[in-house]
Structure formats: C-alpha cells, structure tokens
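Participant: So here's model.cif (mmCIF, C-alpha atoms).
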data_input
#
loop_
_atom_site.label_atom_id
_atom_site.label_comp_id
_atom_site.auth_asym_id
_atom_site.auth_seq_id
_atom_site.Cartn_x
_atom_site.Cartn_y
_atom_site.Cartn_z
CA LYS H 1 2.25 15.08 -24.79
CA ASN H 2 1.40 12.28 -27.14
CA TYR H 3 -1.28 9.64 -26.94
CA ASP H 4 0.67 6.47 -27.64
CA THR H 5 3.47 6.14 -25.06
CA VAL H 6 3.48 5.63 -21.32
CA TYR H 7 6.89 7.09 -20.45
CA GLN H 8 7.24 10.68 -21.67
CA SER H 9 9.55 13.56 -20.85
CA ASN H 10 7.96 16.34 -18.82
CA THR H 11 10.24 19.21 -19.78
CA PRO H 12 8.88 21.25 -21.60
CA TYR H 13 5.57 20.03 -22.99
CA LEU H 14 2.21 21.18 -24.30
CA GLU H 15 -0.97 19.37 -23.42
CA PHE H 16 -4.62 20.09 -24.08
CA LYS H 17 -6.71 18.66 -21.24
CA GLU H 18 -9.91 19.45 -23.14
CA LEU H 19 -10.48 20.91 -26.59
CA SER H 20 -13.66 20.14 -28.51
CA ILE H 21 -16.38 21.36 -30.81
CA ALA H 22 -19.98 21.00 -29.65
CA TYR H 23 -23.57 21.15 -30.84
CA SER H 24 -26.39 21.73 -28.35
CA GLY H 25 -30.04 21.16 -29.17
CA ASN H 26 -33.14 21.07 -26.98
CA ALA H 27 -32.51 17.57 -25.65
CA LEU H 28 -29.36 16.43 -27.47
CA ASP H 29 -25.78 17.60 -27.02
CA LEU H 30 -22.96 16.33 -29.26
CA LYS H 31 -19.21 16.83 -28.73
CA ALA H 32 -16.12 15.81 -30.66
CA GLY H 33 -12.54 16.41 -29.55
CA ILE H 34 -10.31 15.93 -26.54
CA GLN H 35 -12.55 15.31 -23.53
CA ARG H 36 -12.44 14.26 -19.89
CA PHE H 37 -15.34 12.41 -18.33
CA SER H 38 -16.34 12.02 -14.70
CA TRP H 39 -18.59 9.02 -14.27
CA GLY H 40 -18.69 8.50 -10.53
CA ARG H 41 -16.47 8.90 -7.55
CA LEU H 42 -15.70 6.45 -4.83
CA ASP H 43 -13.30 7.90 -2.28
CA GLU H 44 -10.02 8.78 -4.00
CA TYR H 45 -9.93 6.28 -6.86
CA PRO H 46 -13.16 5.99 -8.86
CA ALA H 47 -13.38 2.32 -9.84
CA ASN H 48 -16.16 2.85 -12.41
CA ASP H 49 -14.57 5.87 -14.12
CA LEU H 50 -12.77 4.05 -16.96
CA LEU H 51 -13.03 6.34 -19.99
CA ASN H 52 -9.97 8.44 -19.18
CA PRO H 53 -6.52 7.09 -18.33
CA TRP H 54 -4.58 8.76 -15.52
CA ASP H 55 -1.36 10.71 -15.48
CA TYR H 56 0.77 9.38 -12.62
CA THR H 57 3.79 11.60 -13.33
CA GLN H 58 2.94 14.06 -10.54
CA TYR H 59 0.44 11.87 -8.70
CA LEU H 60 0.64 13.43 -5.23
CA ARG H 61 0.86 17.02 -6.45
CA LYS H 62 -2.24 17.07 -8.66
CA PRO H 63 -5.87 16.93 -7.57
CA LEU H 64 -7.97 14.01 -8.81
CA GLU H 65 -9.55 15.73 -11.83
CA ASP H 66 -6.18 17.10 -13.03
CA ARG H 67 -4.74 13.57 -13.14
CA LYS H 68 -7.12 12.54 -15.91
CA ILE H 69 -5.77 12.56 -19.45
CA GLY H 70 -8.15 14.03 -22.00
CA VAL H 71 -8.87 11.55 -24.79
CA PRO H 72 -9.86 12.14 -28.42
CA SER H 73 -13.51 11.06 -28.40
CA LEU H 74 -17.09 11.55 -29.55
CA SER H 75 -19.88 11.96 -27.01
CA ALA H 76 -23.65 12.38 -27.10
CA ASN H 77 -25.84 13.44 -24.20
CA LEU H 78 -29.63 13.00 -24.42
CA ALA H 79 -31.78 14.48 -21.63
CA THR H 80 -35.53 13.88 -21.46
CA GLY H 81 -37.40 14.68 -18.28
CA GLN H 82 -35.63 13.07 -15.34
CA TRP H 83 -33.62 10.69 -17.55
CA THR H 84 -30.19 11.37 -19.02
CA VAL H 85 -28.35 9.04 -21.37
CA GLU H 86 -24.72 9.70 -22.27
CA ALA H 87 -22.78 7.71 -24.86
CA VAL H 88 -19.02 8.00 -25.43
CA TRP H 89 -16.78 6.50 -28.07
CA VAL H 90 -12.99 6.65 -27.74
CA PRO H 91 -11.77 5.37 -31.13
CA ARG H 92 -8.11 4.81 -30.16
CA LEU H 93 -6.63 3.52 -26.93
CA VAL H 94 -4.77 6.19 -24.95
CA PRO H 95 -2.48 4.71 -22.26
CA TYR H 96 -1.79 5.99 -18.76
CA ARG H 97 1.42 7.95 -18.11
CA LEU H 98 4.16 7.01 -15.66
CA PRO H 99 7.23 9.01 -14.62
CA MET H 100 10.75 7.86 -15.33
CA PRO H 101 12.30 6.59 -12.05
CA ASP H 102 14.87 9.38 -11.88
CA GLU H 103 12.68 12.15 -13.27
CA ARG H 104 12.91 15.45 -11.41
CA TRP H 105 9.16 15.92 -11.08
CA ALA H 106 8.43 12.28 -10.21
CA GLY H 107 9.06 12.95 -6.54
CA SER H 108 10.23 10.20 -4.26
CA SER H 109 9.40 6.85 -5.79
CA TYR H 110 9.99 3.36 -4.48
CA ALA H 111 11.94 2.44 -7.62
CA THR H 112 14.40 5.29 -7.03
CA SER H 113 14.96 4.27 -3.40
CA VAL H 114 15.51 0.63 -4.38
CA HIS H 115 17.95 1.73 -7.07
CA GLN H 116 19.94 3.78 -4.53
CA ALA H 117 19.93 0.99 -1.93
CA LEU H 118 21.14 -1.63 -4.42
CA PRO H 119 24.04 -0.08 -6.35
CA ASN H 120 24.18 -2.88 -8.94
CA ALA H 121 20.45 -2.76 -9.64
CA GLN H 122 19.37 -1.36 -12.93
CA ILE H 123 15.87 0.00 -13.45
CA VAL H 124 14.86 -0.02 -17.09
CA PRO H 125 11.32 1.23 -17.72
CA GLN H 126 9.89 -0.38 -20.82
CA GLU H 127 6.80 0.54 -22.75
CA PRO H 128 4.04 -1.96 -21.96
CA ASP H 129 2.61 -4.29 -24.57
CA LEU H 130 -0.43 -2.22 -25.47
CA PRO H 131 -3.17 -3.44 -27.81
CA ALA H 132 -3.01 -2.23 -31.40
CA ARG H 133 -4.39 1.28 -31.87
CA THR H 134 -7.21 0.26 -34.20
CA LEU H 135 -10.96 0.83 -34.30
CA ALA H 136 -11.46 -2.78 -33.21
CA ASN H 137 -9.75 -1.90 -29.90
CA SER H 138 -11.73 1.27 -29.23
CA ASN H 139 -13.54 1.97 -25.96
CA ILE H 140 -17.28 2.56 -25.60
CA GLY H 141 -19.20 3.82 -22.60
CA LEU H 142 -22.92 4.28 -21.92
CA ARG H 143 -24.32 5.95 -18.84
CA MET H 144 -27.98 6.21 -17.87
CA THR H 145 -29.03 8.32 -14.90
CA TYR H 146 -32.36 9.13 -13.30
CA ALA H 147 -32.72 12.22 -11.13
CA GLY H 148 -35.95 11.88 -9.17
CA ASP H 149 -36.57 11.54 -5.44
CA ILE H 150 -33.65 9.15 -5.44
CA GLU H 151 -30.85 9.71 -7.92
CA TRP H 152 -29.27 6.64 -9.46
CA GLY H 153 -27.25 5.70 -12.48
CA MET H 154 -25.90 2.75 -14.43
CA ASN H 155 -22.63 2.67 -16.32
CA PHE H 156 -21.76 0.24 -19.11
CA TYR H 157 -18.23 0.06 -20.42
CA HIS H 158 -16.59 -2.03 -23.12
CA GLY H 159 -12.89 -1.59 -23.66
CA PHE H 160 -9.50 -1.84 -22.03
CA ASP H 161 -8.78 -1.14 -18.38
CA PRO H 162 -6.78 2.13 -18.32
CA ARG H 163 -4.95 1.36 -15.08
CA PRO H 164 -1.22 0.51 -15.04
CA VAL H 165 0.06 -3.03 -14.99
CA PHE H 166 3.57 -3.71 -13.69
CA ARG H 167 5.94 -6.58 -14.25
CA THR H 168 9.29 -6.95 -12.56
CA THR H 169 12.13 -9.32 -13.21
CA VAL H 170 15.12 -10.09 -11.02
CA LEU H 171 18.46 -11.45 -12.10
CA ARG H 172 20.56 -12.89 -9.28
CA ILE H 173 24.14 -13.93 -9.73
#
For this file, write the structure as structure tokens.
Facilitator:
Amino acid sequence: KNYDTVYQSNTPYLEFKELSIAYSGNALDLKAGIQRFSWGRLDEYPANDLLNPWDYTQYLRKPLEDRKIGVPSLSANLATGQWTVEAVWVPRLVPYRLPMPDERWAGSSYATSVHQALPNAQIVPQEPDLPARTLANSNIGLRMTYAGDIEWGMNFYHGFDPRPVFRTTVLRI
C-alpha cells in the first residue's frame, strides 16, 4: 500500500501496520517509524482520534483497531508520577482509503447497487483534492493525561481531518 492515494488495488499487497525504532529511558520514550495511535474511544467511531486515517476497503470485516492506517511519524512519551504527556508529529499527510465500487473485497456498497439499478449511470471514483504533501501541511498531536483517583485527559490536534469527504454530480439528459 502507498501513502498518497485513496483508491488502491487490494490484490495482492504488502502493508506494514506498525514498524518503528524506539528508545526507552526512565521517564522518556521516543519512537520513529510507522505507528498507530489510540487516543480515545467513543462508541464505534472515536471522534477525537485524528492522528491515523482509516481504511474503509473492508470496513465491516475488520475490527476497529485494524481499520487504522499506520502513519510515518515521530512520537515522544514523557511519564512523571501520575502525569503522562505524549507528543506526535506526522510530517506528511496520509489519506484514508476507499474501495473501488466494483472491487471484490468491497462487499455490498450503495454505489454498486445504484450502478446496477441505473444502467446508464457511470460511477467514476476520482482521487480527492488533497493538500500538498509538505512539512507545512503536517499533523501534530499533544495528549496530556492524569491517572489519579479520577483519570482524565486532554487532546490537542493541529492538522487535517482524516475522514472522507464525498462529492457527487448528476448529469440528466
């Protein structure tokens, strides 16, 4: 799999979900490589978990954590007493992944059923207009947690929303 296109073929492919080098000290841990982060969970779709884009190609077949795409990133984790601070930098935007409408492993999609119901309809998936893959468009996250009698945390995120955006057009004759 590559890190710069939304629509990708699924047969056959090689993907590293996580692959990194790490340094661990007494209070500081550093990691560089392909990483997945889990910063909160709210029912099925974690609204504040924005560091990793999602793979929607086999959405119903994969559990939540397997849907996350590992991103090339640097992370630091500092733990002192009951406080933990984690900082993450994703230097290049990695987009979500969507299946092609007629892809074998995509399962039953609405686009495929519409295409079959309307014989003259043509579904043409197009790569979205993604921001330039530059350092200026990188993503940064900071998480502070306190684990005392009551556990709480705060997440700060600056970057692009990794969720899909759809646009449809209709031509009627």
Participant: Measure the distance from CA of Ala76 in chain H to CA of Ala22 in chain H in Å and round it to one decimal.
Facilitator: 9.7 Å
Participant: Find the residues near Asp29 in chain H: any atom within 8 Å, counting all atoms listed in the file, skip ones fewer than 3 places away on the same chain, and give them as a list in words.
Facilitator: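 So the residues in contact are Ala22, Tyr23, Ser24, Gly25, Ala76, Asn77 and Leu78 of chain H.
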Participant: Carefully work through the PyMOL selection byres ((chain H and resi 62-67) around 9) for this structure and note down the residues it includes, as a list in words.
Facilitator: Lys17, Arg36, Ser38, Glu44, Tyr45, Pro53, Trp54, Asp55, Tyr56, Thr57, Gln58, Tyr59, Leu60, Arg61, Lys68 and Ile69 of chain H
Participant: If the PyMOL selection byres ((chain H and resi 164) around 9) is run on the structure shown, which residues does it catch, given as a PyMOL selection string?
Facilitator: chain H and resi 54+95-98+161-163+165-166
Participant: Going by the chain IDs and residue numbers used in this file, which residues fall under the PyMOL selection byres ((chain H and resi 128-133) around 6)? Write them as a VMD selection string.
Facilitator: chain H and resid 92 to 93 127 134
Participant: If we count all atoms listed in the file, what is near Glu86 in chain H at a cut-off of 9 Å, once residues fewer than 3 positions away on the same chain are taken out, given as a list in words?
Facilitator: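 Residues near the query, excluding close chain neighbours: Ser75, Ala76, Asn77, Leu78, Ala79, Gly141, Leu142, Arg143, Met144 and Thr145 of chain H.
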Participant: Given the point (-34.4, 12.7, -16.3) in the coordinates of this file, which residues lie within 9 Å, counting all atoms listed in the file, and how would they look as an MDAnalysis selection string?
Facilitator: chainID H and resid 79:85 145:148
Participant: Between H:Phe16, H:Leu74, H:Val88, H:Pro125, which one has atoms that come closest to Met100 in chain H, using all atoms listed in the file?
Facilitator: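 The shortest atom-to-atom distance to Met100 in chain H comes from H:Pro125.
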Participant: Please compute the CA of Ser138 in chain H-CA of Pro99 in chain H distance, one decimal, in Å.
Facilitator: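 So the two atoms, CA of Ser138 in chain H and CA of Pro99 in chain H, lie 25.2 Å apart.
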Participant: Quick one: pull the distance between CA of Ala87 in chain H and CA of Tyr3 in chain H, Å, one decimal.
Facilitator: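 Rounded to one decimal, the two atoms are 21.7 Å apart.
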Participant: Rank H:Trp39, H:Lys1, H:Asp49, H:Val124 by their smallest atom-to-atom distance to Tyr13 in chain H, using all atoms listed in the file, and report the top residue only.
Facilitator: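 Nearest to Tyr13 in chain H: H:Lys1.
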Participant: I need the residue nearest Lys31 in chain H from this list: H:Ser73, H:Gln8, H:Asn48, H:Asn2. Use all atoms listed in the file for the distance.
Facilitator: H:Ser73
Participant: Closest to Asn155 in chain H among H:Ile21, H:Leu51, H:Val94, H:Leu135, using all atoms listed in the file?
Facilitator: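 Closest to Asn155 in chain H, using all atoms listed in the file: H:Leu51.
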Participant: Starting from the structure just given, write a file holding range 55-81 of chain H with N, CA, C and O atoms, as a JSON list (two decimals), in the first residue's frame.
Facilitator:
[["chain", "number", "residue", "atom", "x", "y", "z"],
["H", 55, "ASP", "N", -8.90, 2.86, 6.99],
["H", 55, "ASP", "CA", -9.01, 2.05, 5.78],
["H", 55, "ASP", "C", -10.45, 1.55, 5.70],
["H", 55, "ASP", "O", -10.88, 0.74, 6.52],
["H", 56, "TYR", "N", -11.21, 2.05, 4.73],
["H", 56, "TYR", "CA", -12.61, 1.68, 4.58],
["H", 56, "TYR", "C", -12.81, 0.58, 3.53],
["H", 56, "TYR", "O", -13.93, 0.30, 3.15],
["H", 57, "THR", "N", -11.73, -0.03, 3.06],
["H", 57, "THR", "CA", -11.87, -1.01, 1.98],
["H", 57, "THR", "C", -12.57, -2.28, 2.43],
["H", 57, "THR", "O", -13.22, -2.94, 1.64],
["H", 58, "GLN", "N", -12.42, -2.66, 3.68],
["H", 58, "GLN", "CA", -13.11, -3.84, 4.21],
["H", 58, "GLN", "C", -13.74, -3.45, 5.54],
["H", 58, "GLN", "O", -13.57, -4.12, 6.55],
["H", 59, "TYR", "N", -14.49, -2.37, 5.53],
["H", 59, "TYR", "CA", -14.97, -1.70, 6.74],
["H", 59, "TYR", "C", -15.72, -2.64, 7.69],
["H", 59, "TYR", "O", -15.46, -2.64, 8.88],
["H", 60, "LEU", "N", -16.63, -3.43, 7.20],
["H", 60, "LEU", "CA", -17.44, -4.27, 8.08],
["H", 60, "LEU", "C", -16.72, -5.54, 8.50],
["H", 60, "LEU", "O", -17.11, -6.17, 9.48],
["H", 61, "ARG", "N", -15.69, -5.92, 7.80],
["H", 61, "ARG", "CA", -14.98, -7.17, 8.12],
["H", 61, "ARG", "C", -13.88, -6.99, 9.14],
["H", 61, "ARG", "O", -13.43, -7.95, 9.74],
["H", 62, "LYS", "N", -13.37, -5.78, 9.31],
["H", 62, "LYS", "CA", -12.23, -5.55, 10.19],
["H", 62, "LYS", "C", -12.66, -4.93, 11.51],
["H", 62, "LYS", "O", -13.52, -4.05, 11.53],
["H", 63, "PRO", "N", -12.05, -5.34, 12.62],
["H", 63, "PRO", "CA", -12.31, -4.65, 13.88],
["H", 63, "PRO", "C", -11.75, -3.23, 13.85],
["H", 63, "PRO", "O", -10.92, -2.89, 13.00],
["H", 64, "LEU", "N", -12.18, -2.42, 14.78],
["H", 64, "LEU", "CA", -11.85, -1.00, 14.81],
["H", 64, "LEU", "C", -10.35, -0.74, 14.71],
["H", 64, "LEU", "O", -9.91, 0.06, 13.88],
["H", 65, "GLU", "N", -9.54, -1.37, 15.52],
["H", 65, "GLU", "CA", -8.10, -1.09, 15.51],
["H", 65, "GLU", "C", -7.43, -1.52, 14.21],
["H", 65, "GLU", "O", -6.42, -0.95, 13.82],
["H", 66, "ASP", "N", -7.95, -2.53, 13.53],
["H", 66, "ASP", "CA", -7.36, -2.97, 12.26],
["H", 66, "ASP", "C", -7.71, -2.04, 11.11],
["H", 66, "ASP", "O", -7.12, -2.13, 10.04],
["H", 67, "ARG", "N", -8.67, -1.16, 11.29],
["H", 67, "ARG", "CA", -9.05, -0.22, 10.24],
["H", 67, "ARG", "C", -8.11, 0.98, 10.18],
["H", 67, "ARG", "O", -8.10, 1.70, 9.20],
["H", 68, "LYS", "N", -7.34, 1.19, 11.22],
["H", 68, "LYS", "CA", -6.42, 2.33, 11.24],
["H", 68, "LYS", "C", -5.23, 2.07, 10.33],
["H", 68, "LYS", "O", -4.68, 0.98, 10.32],
["H", 69, "ILE", "N", -4.82, 3.09, 9.62],
["H", 69, "ILE", "CA", -3.65, 3.02, 8.76],
["H", 69, "ILE", "C", -2.47, 3.56, 9.56],
["H", 69, "ILE", "O", -2.52, 4.67, 10.10],
["H", 70, "GLY", "N", -1.41, 2.78, 9.65],
["H", 70, "GLY", "CA", -0.20, 3.25, 10.31],
["H", 70, "GLY", "C", 0.42, 4.38, 9.51],
["H", 70, "GLY", "O", 0.48, 4.33, 8.28],
["H", 71, "VAL", "N", 0.88, 5.42, 10.19],
["H", 71, "VAL", "CA", 1.44, 6.59, 9.52],
["H", 71, "VAL", "C", 2.90, 6.78, 9.89],
["H", 71, "VAL", "O", 3.29, 6.54, 11.04],
["H", 72, "PRO", "N", 3.74, 7.18, 8.92],
["H", 72, "PRO", "CA", 5.12, 7.52, 9.25],
["H", 72, "PRO", "C", 5.12, 8.73, 10.20],
["H", 72, "PRO", "O", 4.53, 9.77, 9.89],
["H", 73, "SER", "N", 5.72, 8.57, 11.38],
["H", 73, "SER", "CA", 5.61, 9.61, 12.39],
["H", 73, "SER", "C", 6.74, 9.51, 13.42],
["H", 73, "SER", "O", 7.44, 8.51, 13.51],
["H", 74, "LEU", "N", 6.85, 10.58, 14.21],
["H", 74, "LEU", "CA", 7.74, 10.63, 15.37],
["H", 74, "LEU", "C", 6.87, 10.84, 16.59],
["H", 74, "LEU", "O", 5.93, 11.65, 16.56],
["H", 75, "SER", "N", 7.17, 10.12, 17.68],
["H", 75, "SER", "CA", 6.39, 10.31, 18.89],
["H", 75, "SER", "C", 7.31, 10.32, 20.11],
["H", 75, "SER", "O", 8.35, 9.67, 20.12],
["H", 76, "ALA", "N", 6.89, 11.06, 21.13],
["H", 76, "ALA", "CA", 7.61, 11.13, 22.40],
["H", 76, "ALA", "C", 6.59, 10.97, 23.51],
["H", 76, "ALA", "O", 5.49, 11.53, 23.45],
["H", 77, "ASN", "N", 6.93, 10.18, 24.51],
["H", 77, "ASN", "CA", 6.04, 9.93, 25.63],
["H", 77, "ASN", "C", 6.83, 10.21, 26.91],
["H", 77, "ASN", "O", 7.85, 9.56, 27.17],
["H", 78, "LEU", "N", 6.38, 11.17, 27.71],
["H", 78, "LEU", "CA", 7.03, 11.55, 28.95],
["H", 78, "LEU", "C", 6.10, 11.23, 30.10],
["H", 78, "LEU", "O", 4.97, 11.73, 30.15],
["H", 79, "ALA", "N", 6.54, 10.39, 31.03],
["H", 79, "ALA", "CA", 5.72, 9.99, 32.18],
["H", 79, "ALA", "C", 6.44, 10.40, 33.46],
["H", 79, "ALA", "O", 7.58, 10.01, 33.69],
["H", 80, "THR", "N", 5.77, 11.24, 34.26],
["H", 80, "THR", "CA", 6.30, 11.64, 35.56],
["H", 80, "THR", "C", 5.17, 11.55, 36.58],
["H", 80, "THR", "O", 4.19, 12.26, 36.48],
["H", 81, "GLY", "N", 5.33, 10.67, 37.53],
["H", 81, "GLY", "CA", 4.30, 10.48, 38.55],
["H", 81, "GLY", "C", 2.99, 10.03, 37.93],
["H", 81, "GLY", "O", 2.95, 9.05, 37.20]]
